[in-house]
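This is start04.pdb. It holds PDB, C-alpha atoms.
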ATOM      1  CA  MET A   8     129.490 127.290 106.818
ATOM      2  CA  GLN A   9     127.445 127.019 109.993
ATOM      3  CA  ILE A  10     129.116 125.896 113.219
ATOM      4  CA  VAL A  11     126.967 124.584 116.082
ATOM      5  CA  GLN A  12     127.603 123.504 119.648
ATOM      6  CA  PRO A  13     125.614 121.105 121.846
ATOM      7  CA  ILE A  14     122.850 122.708 123.898
ATOM      8  CA  ASP A  15     122.161 122.628 127.636
ATOM      9  CA  ILE A  16     119.545 119.883 127.330
ATOM     10  CA  GLU A  17     118.369 120.245 130.940
ATOM     11  CA  LEU A  18     117.616 123.944 130.504
ATOM     12  CA  ALA A  19     116.095 123.365 127.052
ATOM     13  CA  LEU A  20     113.701 120.728 128.384
ATOM     14  CA  CYS A  21     112.742 122.924 131.342
ATOM     15  CA  GLN A  22     111.873 125.795 129.036
ATOM     16  CA  ASP A  23     110.139 123.779 126.340
ATOM     17  CA  VAL A  24     108.219 121.297 128.522
ATOM     18  CA  SER A  25     107.051 124.148 130.797
ATOM     19  CA  GLU A  26     104.989 125.465 127.885
ATOM     20  CA  TYR A  27     102.794 122.359 127.977
ATOM     21  CA  THR A  28     102.385 121.552 131.693
ATOM     22  CA  GLU A  29     101.311 123.154 134.964
ATOM     23  CA  ALA A  30     104.178 121.412 136.782
ATOM     24  CA  THR A  31     107.227 123.368 137.923
ATOM     25  CA  CYS A  32     110.339 122.304 135.971
ATOM     26  CA  TYR A  33     113.928 122.348 137.262
ATOM     27  CA  THR A  34     117.393 121.500 136.030
ATOM     28  CA  SER A  35     119.498 119.117 138.100
ATOM     29  CA  PRO A  36     120.010 119.202 140.991
ATOM     30  CA  ALA A  37     116.461 119.777 142.162
ATOM     31  CA  PRO A  38     116.133 122.322 144.987
ATOM     32  CA  ASP A  39     115.668 121.049 148.537
ATOM     33  CA  ALA A  40     112.151 122.451 148.871
ATOM     34  CA  LEU A  41     109.974 121.220 146.020
ATOM     35  CA  PRO A  42     106.392 122.259 145.440
ATOM     36  CA  ASN A  43     103.790 119.629 144.597
ATOM     37  CA  LEU A  44     103.957 118.631 140.918
ATOM     38  CA  SER A  45     107.661 119.192 140.321
ATOM     39  CA  VAL A  46     109.795 117.891 137.453
ATOM     40  CA  CYS A  47     113.598 117.774 137.230
ATOM     41  CA  PHE A  48     115.645 116.966 134.128
ATOM     42  CA  MET A  49     119.157 115.539 134.479
ATOM     43  CA  SER A  50     121.511 114.817 131.583
ATOM     44  CA  VAL A  51     123.215 111.449 132.010
ATOM     45  CA  GLY A  52     125.308 111.399 128.825
ATOM     46  CA  GLY A  53     124.931 111.484 125.104
ATOM     47  CA  THR A  54     126.600 111.353 121.701
ATOM     48  CA  GLU A  55     126.864 113.320 118.492
ATOM     49  CA  GLN A  56     123.912 112.442 116.262
ATOM     50  CA  THR A  57     124.932 114.417 113.157
ATOM     51  CA  PRO A  58     127.429 117.259 112.599
ATOM     52  CA  VAL A  59     124.717 119.709 113.759
ATOM     53  CA  SER A  60     122.762 117.697 116.351
ATOM     54  CA  SER A  61     123.376 115.627 119.457
ATOM     55  CA  GLU A  62     121.503 112.831 121.172
ATOM     56  CA  TYR A  63     121.198 113.190 124.940
ATOM     57  CA  SER A  64     120.356 110.595 127.566
ATOM     58  CA  VAL A  65     118.104 112.299 130.104
ATOM     59  CA  ARG A  66     116.540 111.172 133.363
ATOM     60  CA  CYS A  67     113.313 112.837 134.377
ATOM     61  CA  ASP A  68     112.225 112.816 138.027
ATOM     62  CA  VAL A  69     108.690 113.791 138.998
ATOM     63  CA  TRP A  70     107.475 114.516 142.543
ATOM     64  CA  ALA A  71     103.922 114.859 143.826
ATOM     65  CA  LYS A  72     101.968 114.420 147.080
ATOM     66  CA  THR A  73     101.080 110.797 146.271
ATOM     67  CA  TYR A  74     102.579 108.088 144.077
ATOM     68  CA  ALA A  75      99.374 108.063 142.038
ATOM     69  CA  GLN A  76      99.736 111.794 141.300
ATOM     70  CA  ALA A  77     103.456 111.419 140.564
ATOM     71  CA  LEU A  78     102.800 108.509 138.196
ATOM     72  CA  THR A  79     100.015 110.398 136.395
ATOM     73  CA  LEU A  80     102.186 113.499 136.004
ATOM     74  CA  SER A  81     105.184 111.406 134.930
ATOM     75  CA  ARG A  82     103.154 109.769 132.148
ATOM     76  CA  SER A  83     102.005 113.222 131.029
ATOM     77  CA  ILE A  84     105.570 114.594 131.017
ATOM     78  CA  ALA A  85     106.805 111.498 129.132
ATOM     79  CA  GLY A  86     104.097 112.133 126.525
ATOM     80  CA  ILE A  87     105.078 115.798 126.208
ATOM     81  CA  VAL A  88     108.760 114.895 125.849
ATOM     82  CA  ALA A  89     107.973 112.161 123.297
ATOM     83  CA  SER A  90     105.944 114.619 121.229
ATOM     84  CA  LEU A  91     108.576 117.398 121.127
ATOM     85  CA  PRO A  92     109.606 116.554 117.523
ATOM     86  CA  MET A  93     106.005 117.299 116.474
ATOM     87  CA  ARG A  94     105.665 120.489 118.524
ATOM     88  CA  ALA A  95     106.873 124.022 117.857
ATOM     89  CA  PRO A  96     108.134 125.409 121.173
ATOM     90  CA  THR A  97     108.595 129.167 121.299
ATOM     91  CA  SER A  98     112.347 128.607 121.776
ATOM     92  CA  GLY A  99     112.538 127.536 118.133
ATOM     93  CA  ARG A 100     114.488 124.406 119.061
ATOM     94  CA  THR A 101     114.229 121.514 116.606
ATOM     95  CA  TYR A 102     113.899 118.139 118.297
ATOM     96  CA  SER A 103     114.645 115.407 115.765
ATOM     97  CA  THR A 104     114.083 112.230 117.768
ATOM     98  CA  VAL A 105     112.783 111.139 121.153
ATOM     99  CA  GLU A 106     112.692 107.627 122.518
ATOM    100  CA  ILE A 107     111.377 106.920 126.014
ATOM    101  CA  ASN A 108     113.730 104.169 127.238
ATOM    102  CA  ALA A 109     112.278 103.439 130.643
ATOM    103  CA  THR A 110     108.590 103.915 131.245
ATOM    104  CA  PRO A 111     107.702 105.764 134.471
ATOM    105  CA  TYR A 112     108.568 103.782 137.605
ATOM    106  CA  GLU A 113     108.453 104.440 141.359
ATOM    107  CA  ASN A 114     111.855 105.710 142.468
ATOM    108  CA  PRO A 115     111.887 106.693 146.169
ATOM    109  CA  ASP A 116     113.966 109.806 146.839
ATOM    110  CA  PRO A 117     116.316 109.350 149.824
ATOM    111  CA  LEU A 118     116.571 113.140 150.223
ATOM    112  CA  ARG A 119     112.784 113.614 150.316
ATOM    113  CA  ALA A 120     111.416 110.416 151.843
ATOM    114  CA  GLN A 121     107.960 111.950 152.416
ATOM    115  CA  LEU A 122     107.569 113.177 148.817
ATOM    116  CA  PRO A 123     106.851 110.392 146.299
ATOM    117  CA  ARG A 124     109.062 110.372 143.198
ATOM    118  CA  VAL A 125     108.536 108.658 139.842
ATOM    119  CA  SER A 126     111.227 108.602 137.135
ATOM    120  CA  PHE A 127     111.729 107.737 133.476
ATOM    121  CA  ARG A 128     114.592 107.940 130.952
ATOM    122  CA  ALA A 129     114.644 109.271 127.418
ATOM    123  CA  GLU A 130     117.029 109.585 124.494
ATOM    124  CA  ILE A 131     116.516 112.990 122.869
ATOM    125  CA  GLY A 132     117.974 114.207 119.573
ATOM    126  CA  VAL A 133     118.059 117.971 119.110
ATOM    127  CA  ARG A 134     119.850 120.443 116.885
ATOM    128  CA  GLY A 135     122.713 122.406 118.452
ATOM    129  CA  GLU A 136     123.012 126.161 118.865
ATOM    130  CA  SER A 137     124.758 128.246 116.227
ATOM    131  CA  ILE A 138     128.146 129.655 117.162
ATOM    132  CA  ASP A 139     128.924 133.126 115.846
ATOM    133  CA  LEU A 140     132.378 133.296 114.316
TER
END
How would this structure read if it were set down as structure tokens?
Amino acid sequence: MQIVQPIDIELALCQDVSEYTEATCYTSPAPDALPNLSVCFMSVGGTEQTPVSSEYSVRCDVWAKTYAQALTLSRSIAGIVASLPMRAPTSGRTYSTVEINATPYENPDPLRAQLPRVSFRAEIGVRGESIDL
């Protein structure tokens, strides 16, 4: 019998999305000093999907020098995330489902008022990690 545990979805998305973008990916919380074209993934909940997979609610924040750049990058990242079930990241993770719940929208960052931020939300189903007994 195989036993699995939920994964660190923030870290998994950072690793797997990084393979397909030039942007710098972070787990939450994002560092104070962000380079142009930065992405941060934050888990905001989730549920068990099957006995071996979980579904995670994730918010993705994207920063760039202008709102136009942030919106363009956010759409690209949303497309990468949405296509994860059809990709084969080197991590070997198996993404079963992805639904983008909120299309990219302007979301001013009170901590970085001079750096435009765009955000979106996604529901992501992914297989857990095996636990050695």
Point to revise | Nearby residues (all atoms listed in the file) at most 9 Å from range 106-120 of chain A, same-chain spacing under 4 positions excluded, as a list of chain:residue names | key: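 Residues meeting the cut-off are A:Asp39, A:Ala40, A:Asp68, A:Tyr74, A:Ala77, A:Leu78, A:Ser81, A:Arg82, A:Ala85, A:Gly86, A:Val88, A:Ala89, A:Arg124, A:Val125, A:Ser126, A:Phe127, A:Arg128, A:Ala129, A:Glu130, A:Ile131, A:Gly132.
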Review point. Can you tell me how far CA of Leu41 in chain A sits from CA of Gln121 in chain A, in Å to one decimal?
Key: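 Going from CA of Leu41 in chain A over to CA of Gln121 in chain A, I get 11.4 Å.
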**Study point:** Ala30 in chain A surroundings by only C-alpha atoms, 7 Å radius, close-in-sequence under 3 positions cut, as a ChimeraX atom specification
**Key:** /A:44-46
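Proximity of A:Leu80, A:Val69, A:Leu91, A:Val51 to Gln22 in chain A, computed with only C-alpha atoms, is greatest for A:Leu91.
Taking CA of Gly99 in chain A and CA of Asp139 in chain A as endpoints, the distance between them is 17.5 Å.
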Exercise for review: Work out how far CA of Thr79 in chain A is from CA of Ala19 in chain A, in Å to one decimal.
Suggested key: 22.7 Å
Practice item. Just say which residues the PyMOL selection byres ((chain A and resi 58) around 12) picks in this file, as a VMD selection string. Key: chain A and resid 8 to 13 54 to 57 59 to 62 133 to 137
Study note, to complete from the structure: With distances taken over all atoms listed in the file, the candidate from A:Leu122, A:Arg66, A:Val105, A:Ile84 nearest Tyr27 in chain A is A:Ile84
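Taking all atoms listed in the file into account, Glu29 in chain A lies nearest to A:Pro42 out of the set A:Cys67, A:Ser50, A:Lys72, A:Pro42.
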